[in-house]
There are 2 protein chains.
Amino acid sequence: MNSIKYYFDRVSEIFAEEKFVFEPKELYEPINYTLRLGGKRIRPTLLLAANALFGGEEAEARDAALGIETFHNFTLLHDDLMDRSPLRRGQPTVYTKWGDNTAILSGDTMFALAWRYFLRQPTPHLHEILQCFNETAIEVCEGQQKDMNFETMTLDEVSISDYMDMIRQKTAVLLAGALKIGSLYAGAPDKESAKLYEFGIHMGLAFQLQDDLLDGYGDTAVFGKKTGQDIRDNKKSYLPLAALNLCLPEQKKELTTLFSAKNNMNEEEKVHRVLELYNAINLRTKVEEAIASEFETANQCLNGIQASEELKKPLHEMMDSLNGRKK
Amino acid sequence: MNSIKYYFDRVSEIFAEEKFVFEPKELYEPINYTLRLGGKRIRPTLLLAANALFGGEEAEARDAALGIETFHNFTLLHDDLMDRSPLRRGQPTVYTKWGDNTAILSGDTMFALAWRYFLRQPTPHLHEILQCFNETAIEVCEGQQKDMNFETMTLDEVSISDYMDMIRQKTAVLLAGALKIGSLYAGAPDKESAKLYEFGIHMGLAFQLQDDLLDGYGDTAVFGKKTGQDIRDNKKSYLPLAALNLCLPEQKKELTTLFSAKNNMNEEEKVHRVLELYNAINLRTKVEEAIASEFETANQCLNGIQASEELKKPLHEMMDSLNGRKK
């Protein structure tokens with residue numbers, strides 16, 4: 001049977017076959033640049049694997065795989081502009097290369113191109129598929145806004161539950177949506193699609209919590225980013241929020257101050273002190289437990305799906321590869 | 001029978017019945033603000049009138065009317081940000097009120113909300129309707145990029161045909177698309193939908209050429225904008241492009257210089273001199289003839305449609321009201 005690597009390779013081939021440059025080239029070159037940068041292609045890979053899980057034809061779902069990845073890359077393009085991130089996948093971001101206006105307009109066009117892919121082929125479940133895609137897109141926007149709202153709040157104003165709700169919308173729903181859409185193309189029963197969606201949600205939550213953990217405890221050389229950047233940016237990630245629930249009142253006060261904009265401390269000193277506080281309460285283990293728990297829930301959802309164990313294997317492999325990731 | 005005013009009033013009622021504020025409010029308040037600002041609501045009004053023209057039920061097309069106007073307002077929101085326009089309909093634009101990032105993200109969300117409206121009700125012609133909407137959206141983005149490309153070009157580098165192609169995409173296709181979508185909801189035959197689309201294209205071209213003319217010759221008090229702003233901005237509108245084709249070689253050179261960024265002339269002196277050149281070649285009459293010609297073509301398209309004359313009346317009224325507009 002096919003491995004997850006098979007679906008990833010298929011996605012790479014599908015992207016290689018596709019043309020992204022049209023007229024006017026000033027609009028499409030940044031789109032082509034973005035879509036050719038690569039990346040992990042997790043969402044279209046999940047979509048194809050979910051389609052195969054319920055006996056779907058790859059030819060029918062391939063355009064949706066292009067669509068979901070084009071949408072994802074559109075959100076990255078606009079997020080990078082909003083966050084003023086100079087690099088993406090080690091390369092200059094679109095706004096640094098072509099300017100803000102190009103980033104806005106090429107991004108908007110990518111969102112429409114995603115729809116073009118979804119609309120390219122008729123399918124019996126079109127209405128349901130498109131509703132799933134669009135409601136997912138709206139949730140991703142809502143999640144991004146909630147993330148932006150956290151920037152102007154103090155650490156003790158953000159609850160763990162608000163944070164989990166934010167990452168569910170910003171990150172998890174798109175993995176879940178990709179899986180559900182793949183299964184809808186194959187005509188999967190609603191109940192099974194729903195279980196697959198839940199699998200995606202918990203895998204997505206685990207994925208994001210891991211990202212948060214790697215910022216504090218990743219190996220810089222492997223992770224590709226400097227450790228502690230979230231701390232320098234006062235980012236209310238899972239780490240400080242979980243720490244706040246675990247530490248003593250005086251530590252709480254210190255942590256909240258450390259994560260406030262007014263803080264005038266030397267940056268590296270601040271990172272050091274925050275990590276010291278984390279270590280004092282054994283935070284790393286606690287976060288690893290939370291991640292393991294999300295992966296375990298995801299695993300249970302996957303096990304509960306009425307489909308062949310052979311065809312579930314690629315999804316187990318995806319989960320394992322995300323679970324073991326160091327970057 | 002119903003007048004165009006009837007459809008406009010229906011659009012106002014449909015918007016009044018709709019809720020645009022959801023959570024998080026930081027995302028939806030700018031959307032609500034934008035959609036409540038009003039405006040001429042030309043596109044949803046055309047959509048409902050086109051639907052009625054082929055005997056469609058308003059209840060089936062109403063959500064598409066919301067969708068087309070939400071999309072149009074999304075493009076205005078992002079255009080205002082890209083153009084750094086401080087005012088829209090006499091009110092501060094979203095980016096001046098809430099900042100660039102909110103303008104980007106609330107705009108993105110409006111594009112998705114437009115899709116939500118289109119997807120709210122099942123309809124037998126869903127696939128064709130959504131393809132028409134999406135291809136229209138892509139053309140609007142392409143038109144905006146072409147318009148941005150003109151900014152860095154000299155006057156003699158832009159041809160009239162490039163300009164007409166740009167305004168067709170940036171302005172006309174959305175009027176045409178609204179009409180076609182309205183007719184598709186009513187199950188109009190392809191041939192009739194196509195004629196209605198052409199009607200919209202020529203009405204849209206006339207509409208934009210009129211906008212260009214009003215910039216040079218409008219009554220400031222009525223038009224609501226200061227006369228000559230396109231001249232101050234070196235905007236390659238229909239006026240200087242048509243003038244270039246009509247004037248003598250030495251005038252051509254002067255006009256191209258006047259419309260170049262390097263020009264250090266006093267602004268009002270420049271406006272005065274450009275208008276002097278326009279008047280010397282009787283440009284106003286020539287542009288009025290071009291507008292009349294587009295309206296005449298539009299009229300022929302409308303006359304050629306196989307539908308009741310009574311039901312065509314609102315579309316004739318819309319054309320007449322746009323034809324006579326002073327603002």
# chains A, B, ... in the order shown; residues from 1 in each chain; ligands from 1

$ interface_residues --of "chain A" --to "chain B" --cutoff "7 Å" --atoms "only C-alpha atoms" --output "PDB file with N, CA, C and O atoms, in the first residue's frame"
ATOM      1  N   PRO A  24      -1.188  39.896 -15.986  1.00  0.00           N
ATOM      2  CA  PRO A  24       0.109  40.575 -16.040  1.00  0.00           C
ATOM      3  C   PRO A  24       1.137  39.892 -15.131  1.00  0.00           C
ATOM      4  O   PRO A  24       0.802  39.498 -14.014  1.00  0.00           O
ATOM      5  N   LEU A  27       1.763  40.561 -11.397  1.00  0.00           N
ATOM      6  CA  LEU A  27       0.826  39.985 -10.430  1.00  0.00           C
ATOM      7  C   LEU A  27       1.156  38.524 -10.147  1.00  0.00           C
ATOM      8  O   LEU A  27       1.058  38.054  -9.015  1.00  0.00           O
ATOM      9  N   MET A  82       1.803  41.307   7.457  1.00  0.00           N
ATOM     10  CA  MET A  82       1.264  41.875   8.703  1.00  0.00           C
ATOM     11  C   MET A  82       2.273  41.785   9.844  1.00  0.00           C
ATOM     12  O   MET A  82       2.392  42.687  10.657  1.00  0.00           O
ATOM     13  N   ASN A 101       2.196  46.655  -1.662  1.00  0.00           N
ATOM     14  CA  ASN A 101       1.011  46.592  -2.530  1.00  0.00           C
ATOM     15  C   ASN A 101       0.955  45.306  -3.339  1.00  0.00           C
ATOM     16  O   ASN A 101      -0.111  44.704  -3.504  1.00  0.00           O
ATOM     17  N   LEU A 105      -2.055  42.517  -3.244  1.00  0.00           N
ATOM     18  CA  LEU A 105      -2.828  42.146  -4.437  1.00  0.00           C
ATOM     19  C   LEU A 105      -2.519  40.731  -4.929  1.00  0.00           C
ATOM     20  O   LEU A 105      -3.431  39.998  -5.329  1.00  0.00           O
ATOM     21  N   THR A 109      -5.195  37.621  -5.085  1.00  0.00           N
ATOM     22  CA  THR A 109      -5.349  36.818  -6.307  1.00  0.00           C
ATOM     23  C   THR A 109      -5.140  35.335  -6.015  1.00  0.00           C
ATOM     24  O   THR A 109      -5.827  34.473  -6.584  1.00  0.00           O
ATOM     25  N   ALA A 112      -8.284  33.857  -4.801  1.00  0.00           N
ATOM     26  CA  ALA A 112      -9.182  33.572  -5.932  1.00  0.00           C
ATOM     27  C   ALA A 112      -8.683  32.367  -6.742  1.00  0.00           C
ATOM     28  O   ALA A 112      -9.483  31.554  -7.211  1.00  0.00           O
ATOM     29  N   TRP A 115      -9.794  29.179  -5.267  1.00  0.00           N
ATOM     30  CA  TRP A 115     -11.176  28.888  -5.682  1.00  0.00           C
ATOM     31  C   TRP A 115     -11.221  28.337  -7.101  1.00  0.00           C
ATOM     32  O   TRP A 115     -12.021  27.456  -7.406  1.00  0.00           O
ATOM     33  N   ARG A 116     -10.371  28.885  -7.978  1.00  0.00           N
ATOM     34  CA  ARG A 116     -10.358  28.375  -9.358  1.00  0.00           C
ATOM     35  C   ARG A 116     -10.052  26.878  -9.362  1.00  0.00           C
ATOM     36  O   ARG A 116     -10.680  26.108 -10.089  1.00  0.00           O
ATOM     37  N   LEU A 119     -12.956  24.893  -8.231  1.00  0.00           N
ATOM     38  CA  LEU A 119     -14.080  24.924  -9.175  1.00  0.00           C
ATOM     39  C   LEU A 119     -13.749  24.299 -10.526  1.00  0.00           C
ATOM     40  O   LEU A 119     -14.594  24.239 -11.411  1.00  0.00           O
ATOM     41  N   GLN A 131     -18.415  24.730   0.948  1.00  0.00           N
ATOM     42  CA  GLN A 131     -18.786  25.293   2.250  1.00  0.00           C
ATOM     43  C   GLN A 131     -17.729  24.957   3.294  1.00  0.00           C
ATOM     44  O   GLN A 131     -17.351  25.799   4.108  1.00  0.00           O
ATOM     45  N   ASN A 134     -14.732  27.171   2.630  1.00  0.00           N
ATOM     46  CA  ASN A 134     -14.918  28.582   2.941  1.00  0.00           C
ATOM     47  C   ASN A 134     -15.056  28.835   4.439  1.00  0.00           C
ATOM     48  O   ASN A 134     -14.508  29.810   4.962  1.00  0.00           O
ATOM     49  N   ALA A 137     -11.706  28.827   5.792  1.00  0.00           N
ATOM     50  CA  ALA A 137     -10.994  30.072   5.467  1.00  0.00           C
ATOM     51  C   ALA A 137     -11.395  31.186   6.440  1.00  0.00           C
ATOM     52  O   ALA A 137     -10.542  31.935   6.932  1.00  0.00           O
ATOM     53  N   ILE A 138     -12.687  31.292   6.720  1.00  0.00           N
ATOM     54  CA  ILE A 138     -13.157  32.333   7.641  1.00  0.00           C
ATOM     55  C   ILE A 138     -12.566  32.107   9.032  1.00  0.00           C
ATOM     56  O   ILE A 138     -12.100  33.043   9.691  1.00  0.00           O
ATOM     57  N   CYS A 141      -8.991  33.308   9.256  1.00  0.00           N
ATOM     58  CA  CYS A 141      -8.935  34.772   9.419  1.00  0.00           C
ATOM     59  C   CYS A 141      -9.263  35.168  10.856  1.00  0.00           C
ATOM     60  O   CYS A 141      -8.593  36.029  11.442  1.00  0.00           O
ATOM     61  N   GLU A 142     -10.287  34.542  11.431  1.00  0.00           N
ATOM     62  CA  GLU A 142     -10.666  34.853  12.815  1.00  0.00           C
ATOM     63  C   GLU A 142      -9.531  34.500  13.775  1.00  0.00           C
ATOM     64  O   GLU A 142      -9.236  35.244  14.712  1.00  0.00           O
ATOM     65  N   GLN A 145      -6.832  37.107  13.603  1.00  0.00           N
ATOM     66  CA  GLN A 145      -7.224  38.322  14.336  1.00  0.00           C
ATOM     67  C   GLN A 145      -7.058  38.117  15.843  1.00  0.00           C
ATOM     68  O   GLN A 145      -6.556  38.995  16.544  1.00  0.00           O
ATOM     69  N   LYS A 146      -7.477  36.949  16.338  1.00  0.00           N
ATOM     70  CA  LYS A 146      -7.336  36.679  17.779  1.00  0.00           C
ATOM     71  C   LYS A 146      -5.864  36.705  18.175  1.00  0.00           C
ATOM     72  O   LYS A 146      -5.505  37.239  19.230  1.00  0.00           O
TER      73      LYS A 146
END

$ atom_distance --atom1 "CA of Ser237 (chain B)" --atom2 "CA of Met166 (chain B)"
10.5 Å

$ residues_around --residues "Ile231 (chain A)" --least-positions-apart "2" --cutoff "8 Å" --atoms "only C-alpha atoms" --output "PyMOL selection string"
chain A and resi 228-229+233-235+259+270-271+274

$ write_last_selection --atoms "N, CA, C and O atoms" --output "compact mmCIF listing (two decimals), in the first residue's frame"
# COMPACT_ATOMS: atom_id res chain seq x y z
N GLY A 228 14.08 31.01 21.56
CA GLY A 228 13.65 32.11 22.43
C GLY A 228 13.07 33.32 21.71
O GLY A 228 12.83 34.35 22.33
N GLN A 229 12.82 33.20 20.40
CA GLN A 229 12.29 34.37 19.67
C GLN A 229 10.91 34.78 20.20
O GLN A 229 10.61 35.97 20.29
N ASP A 233 9.84 38.43 21.59
CA ASP A 233 8.68 39.13 21.01
C ASP A 233 7.50 39.26 21.99
O ASP A 233 6.43 39.73 21.59
N ASN A 234 7.68 38.84 23.23
CA ASN A 234 6.58 38.83 24.22
C ASN A 234 5.37 38.06 23.71
O ASN A 234 4.23 38.44 23.99
N LYS A 235 5.60 37.02 22.96
CA LYS A 235 4.50 36.28 22.35
C LYS A 235 3.82 35.41 23.41
O LYS A 235 4.48 34.61 24.08
N PHE A 259 7.01 39.43 30.17
CA PHE A 259 6.30 39.38 28.88
C PHE A 259 5.53 40.67 28.58
O PHE A 259 4.59 40.67 27.79
N LYS A 270 16.79 38.43 29.40
CA LYS A 270 15.37 38.12 29.54
C LYS A 270 15.07 36.67 29.13
O LYS A 270 14.39 35.94 29.86
N VAL A 271 15.60 36.25 27.98
CA VAL A 271 15.40 34.87 27.52
C VAL A 271 15.93 33.91 28.58
O VAL A 271 15.25 32.93 28.95
N VAL A 274 13.61 33.86 31.67
CA VAL A 274 12.34 33.17 31.40
C VAL A 274 12.56 31.66 31.37
O VAL A 274 11.81 30.90 32.00

$ residues_around --residues "Glu198 (chain A)" --least-positions-apart "4" --cutoff "8 Å" --atoms "only C-alpha atoms" --output "ChimeraX atom specification"
/A:176,194,202,298,301

$ write_last_selection --atoms "all heavy atoms" --output "PDB file, in the first residue's frame"
ATOM      1  N   ALA A 176      -7.577  20.012   9.533  1.00  0.00           N
ATOM      2  CA  ALA A 176      -8.828  19.254   9.644  1.00  0.00           C
ATOM      3  C   ALA A 176      -9.669  19.407   8.379  1.00  0.00           C
ATOM      4  O   ALA A 176     -10.229  18.429   7.865  1.00  0.00           O
ATOM      5  CB  ALA A 176      -9.609  19.731  10.871  1.00  0.00           C
ATOM      6  N   ALA A 194     -16.481  13.442   9.931  1.00  0.00           N
ATOM      7  CA  ALA A 194     -16.424  14.206  11.183  1.00  0.00           C
ATOM      8  C   ALA A 194     -15.302  13.680  12.078  1.00  0.00           C
ATOM      9  O   ALA A 194     -14.590  14.462  12.730  1.00  0.00           O
ATOM     10  CB  ALA A 194     -17.771  14.138  11.905  1.00  0.00           C
ATOM     11  N   HIS A 202      -6.930  17.690  16.482  1.00  0.00           N
ATOM     12  CA  HIS A 202      -5.994  17.357  17.567  1.00  0.00           C
ATOM     13  C   HIS A 202      -4.560  17.244  17.056  1.00  0.00           C
ATOM     14  O   HIS A 202      -3.625  17.655  17.752  1.00  0.00           O
ATOM     15  CB  HIS A 202      -6.462  16.099  18.305  1.00  0.00           C
ATOM     16  CG  HIS A 202      -7.726  16.350  19.063  1.00  0.00           C
ATOM     17  ND1 HIS A 202      -7.765  17.099  20.228  1.00  0.00           N
ATOM     18  CD2 HIS A 202      -9.019  16.022  18.794  1.00  0.00           C
ATOM     19  CE1 HIS A 202      -9.017  17.199  20.647  1.00  0.00           C
ATOM     20  NE2 HIS A 202      -9.801  16.549  19.803  1.00  0.00           N
ATOM     21  N   ALA A 298      -5.794  12.419  18.919  1.00  0.00           N
ATOM     22  CA  ALA A 298      -5.807  12.304  17.449  1.00  0.00           C
ATOM     23  C   ALA A 298      -5.778  10.831  17.048  1.00  0.00           C
ATOM     24  O   ALA A 298      -6.538  10.384  16.176  1.00  0.00           O
ATOM     25  CB  ALA A 298      -4.618  13.051  16.848  1.00  0.00           C
ATOM     26  N   CYS A 301      -9.095   9.165  17.499  1.00  0.00           N
ATOM     27  CA  CYS A 301     -10.031   9.542  16.426  1.00  0.00           C
ATOM     28  C   CYS A 301      -9.750   8.724  15.175  1.00  0.00           C
ATOM     29  O   CYS A 301     -10.673   8.197  14.540  1.00  0.00           O
ATOM     30  CB  CYS A 301      -9.893  11.021  16.078  1.00  0.00           C
ATOM     31  SG  CYS A 301     -10.395  12.133  17.388  1.00  0.00           S
TER      32      CYS A 301
END

$ select_by_dssp --residues "region 41-222 of chain B" --states "helix (DSSP H, G or I)" --output "PyMOL selection string"
chain B and resi 42-53+58-83+94-98+100-119+126-151+155-157+160-185+190-217+220-222

$ residues_around --residues "region 205-222 of chain A" --least-positions-apart "5" --cutoff "7 Å" --atoms "only C-alpha atoms" --output "list in words"
Ile167, Arg168, Ala172, Thr227, Gly228, Gln229, Asp230, Ser237, Tyr238, Leu239, Ile291, Glu294, Phe295, Leu322, Lys326 and Lys327 of chain A

$ select_by_dssp --residues "region 80-109 of chain B" --states "strand (DSSP E)" --output "PyMOL selection string"
chain B and resi 87-88+91-92

$ write_last_selection --atoms "N, CA and C atoms" --output "short mmCIF file (atom, residue, chain, number, x, y, z; two decimals), in the first residue's frame"
data_model
loop_
_atom_site.label_atom_id
_atom_site.label_comp_id
_atom_site.auth_asym_id
_atom_site.auth_seq_id
_atom_site.Cartn_x
_atom_site.Cartn_y
_atom_site.Cartn_z
N LEU B 87 -10.15 58.98 2.24
CA LEU B 87 -11.61 59.04 2.36
C LEU B 87 -12.30 58.14 1.35
N ARG B 88 -13.44 57.61 1.74
CA ARG B 88 -14.32 56.82 0.86
C ARG B 88 -15.75 57.21 1.23
N GLN B 91 -16.13 59.42 4.24
CA GLN B 91 -15.77 58.93 5.57
C GLN B 91 -14.34 58.38 5.55
N PRO B 92 -13.67 58.37 6.73
CA PRO B 92 -12.31 57.82 6.78
C PRO B 92 -12.29 56.37 6.30
#

$ atom_distance --atom1 "CA of Met318 (chain A)" --atom2 "CA of Lys195 (chain A)"
16.6 Å

$ residues_around --residues "region 45-47 of chain B" --least-positions-apart "6" --cutoff "10 Å" --atoms "only C-alpha atoms" --output "MDAnalysis selection string"
chainID B and resid 4:12 53 58 61:62 64:66 68:69 175:185 200 314:315 318

$ residues_around --residues "Ala242 (chain A)" --least-positions-apart "4" --cutoff "10 Å" --atoms "only C-alpha atoms" --output "MDAnalysis selection string"
chainID A and resid 159:160 236:238 246:247 278 283 286:287 290

$ atom_distance --atom1 "CA of Pro124 (chain A)" --atom2 "CA of Ala59 (chain A)"
14.3 Å

$ decode --residues "region 194-215 of chain B" --atoms "N, CA and C atoms" --output "PDB file, in the first residue's frame"
ATOM      1  N   ALA B 194     -25.079  35.774 -22.224  1.00  0.00           N
ATOM      2  CA  ALA B 194     -23.901  36.348 -22.880  1.00  0.00           C
ATOM      3  C   ALA B 194     -24.186  37.765 -23.377  1.00  0.00           C
ATOM      4  N   LYS B 195     -25.400  37.984 -23.902  1.00  0.00           N
ATOM      5  CA  LYS B 195     -25.755  39.336 -24.376  1.00  0.00           C
ATOM      6  C   LYS B 195     -25.846  40.302 -23.189  1.00  0.00           C
ATOM      7  N   LEU B 196     -26.397  39.797 -22.098  1.00  0.00           N
ATOM      8  CA  LEU B 196     -26.517  40.624 -20.892  1.00  0.00           C
ATOM      9  C   LEU B 196     -25.119  40.987 -20.377  1.00  0.00           C
ATOM     10  N   TYR B 197     -24.200  40.021 -20.444  1.00  0.00           N
ATOM     11  CA  TYR B 197     -22.815  40.262 -20.021  1.00  0.00           C
ATOM     12  C   TYR B 197     -22.200  41.376 -20.868  1.00  0.00           C
ATOM     13  N   GLU B 198     -22.397  41.298 -22.186  1.00  0.00           N
ATOM     14  CA  GLU B 198     -21.858  42.329 -23.089  1.00  0.00           C
ATOM     15  C   GLU B 198     -22.472  43.693 -22.796  1.00  0.00           C
ATOM     16  N   PHE B 199     -23.763  43.687 -22.514  1.00  0.00           N
ATOM     17  CA  PHE B 199     -24.440  44.930 -22.102  1.00  0.00           C
ATOM     18  C   PHE B 199     -23.701  45.533 -20.899  1.00  0.00           C
ATOM     19  N   GLY B 200     -23.396  44.694 -19.916  1.00  0.00           N
ATOM     20  CA  GLY B 200     -22.698  45.157 -18.708  1.00  0.00           C
ATOM     21  C   GLY B 200     -21.299  45.678 -19.006  1.00  0.00           C
ATOM     22  N   ILE B 201     -20.604  44.997 -19.910  1.00  0.00           N
ATOM     23  CA  ILE B 201     -19.242  45.434 -20.274  1.00  0.00           C
ATOM     24  C   ILE B 201     -19.286  46.862 -20.844  1.00  0.00           C
ATOM     25  N   HIS B 202     -20.171  47.089 -21.810  1.00  0.00           N
ATOM     26  CA  HIS B 202     -20.187  48.412 -22.451  1.00  0.00           C
ATOM     27  C   HIS B 202     -20.723  49.487 -21.510  1.00  0.00           C
ATOM     28  N   MET B 203     -21.708  49.129 -20.681  1.00  0.00           N
ATOM     29  CA  MET B 203     -22.192  50.095 -19.687  1.00  0.00           C
ATOM     30  C   MET B 203     -21.054  50.420 -18.713  1.00  0.00           C
ATOM     31  N   GLY B 204     -20.284  49.398 -18.339  1.00  0.00           N
ATOM     32  CA  GLY B 204     -19.159  49.596 -17.411  1.00  0.00           C
ATOM     33  C   GLY B 204     -18.058  50.457 -18.005  1.00  0.00           C
ATOM     34  N   LEU B 205     -17.769  50.235 -19.291  1.00  0.00           N
ATOM     35  CA  LEU B 205     -16.751  51.066 -19.955  1.00  0.00           C
ATOM     36  C   LEU B 205     -17.221  52.522 -20.000  1.00  0.00           C
ATOM     37  N   ALA B 206     -18.501  52.712 -20.375  1.00  0.00           N
ATOM     38  CA  ALA B 206     -19.063  54.070 -20.421  1.00  0.00           C
ATOM     39  C   ALA B 206     -18.979  54.718 -19.039  1.00  0.00           C
ATOM     40  N   PHE B 207     -19.313  53.947 -18.021  1.00  0.00           N
ATOM     41  CA  PHE B 207     -19.289  54.422 -16.626  1.00  0.00           C
ATOM     42  C   PHE B 207     -17.892  54.916 -16.257  1.00  0.00           C
ATOM     43  N   GLN B 208     -16.861  54.146 -16.616  1.00  0.00           N
ATOM     44  CA  GLN B 208     -15.494  54.518 -16.248  1.00  0.00           C
ATOM     45  C   GLN B 208     -15.008  55.718 -17.058  1.00  0.00           C
ATOM     46  N   LEU B 209     -15.350  55.751 -18.348  1.00  0.00           N
ATOM     47  CA  LEU B 209     -14.939  56.896 -19.175  1.00  0.00           C
ATOM     48  C   LEU B 209     -15.571  58.184 -18.652  1.00  0.00           C
ATOM     49  N   GLN B 210     -16.813  58.068 -18.180  1.00  0.00           N
ATOM     50  CA  GLN B 210     -17.498  59.202 -17.585  1.00  0.00           C
ATOM     51  C   GLN B 210     -16.786  59.679 -16.326  1.00  0.00           C
ATOM     52  N   ASP B 211     -16.338  58.704 -15.530  1.00  0.00           N
ATOM     53  CA  ASP B 211     -15.587  59.028 -14.320  1.00  0.00           C
ATOM     54  C   ASP B 211     -14.338  59.834 -14.685  1.00  0.00           C
ATOM     55  N   ASP B 212     -13.673  59.380 -15.742  1.00  0.00           N
ATOM     56  CA  ASP B 212     -12.470  60.079 -16.213  1.00  0.00           C
ATOM     57  C   ASP B 212     -12.821  61.498 -16.672  1.00  0.00           C
ATOM     58  N   LEU B 213     -13.934  61.619 -17.399  1.00  0.00           N
ATOM     59  CA  LEU B 213     -14.348  62.933 -17.905  1.00  0.00           C
ATOM     60  C   LEU B 213     -14.712  63.871 -16.753  1.00  0.00           C
ATOM     61  N   LEU B 214     -15.424  63.345 -15.770  1.00  0.00           N
ATOM     62  CA  LEU B 214     -15.843  64.169 -14.626  1.00  0.00           C
ATOM     63  C   LEU B 214     -14.629  64.704 -13.862  1.00  0.00           C
ATOM     64  N   ASP B 215     -13.531  63.941 -13.866  1.00  0.00           N
ATOM     65  CA  ASP B 215     -12.344  64.439 -13.169  1.00  0.00           C
ATOM     66  C   ASP B 215     -11.841  65.727 -13.807  1.00  0.00           C
TER      67      ASP B 215
END
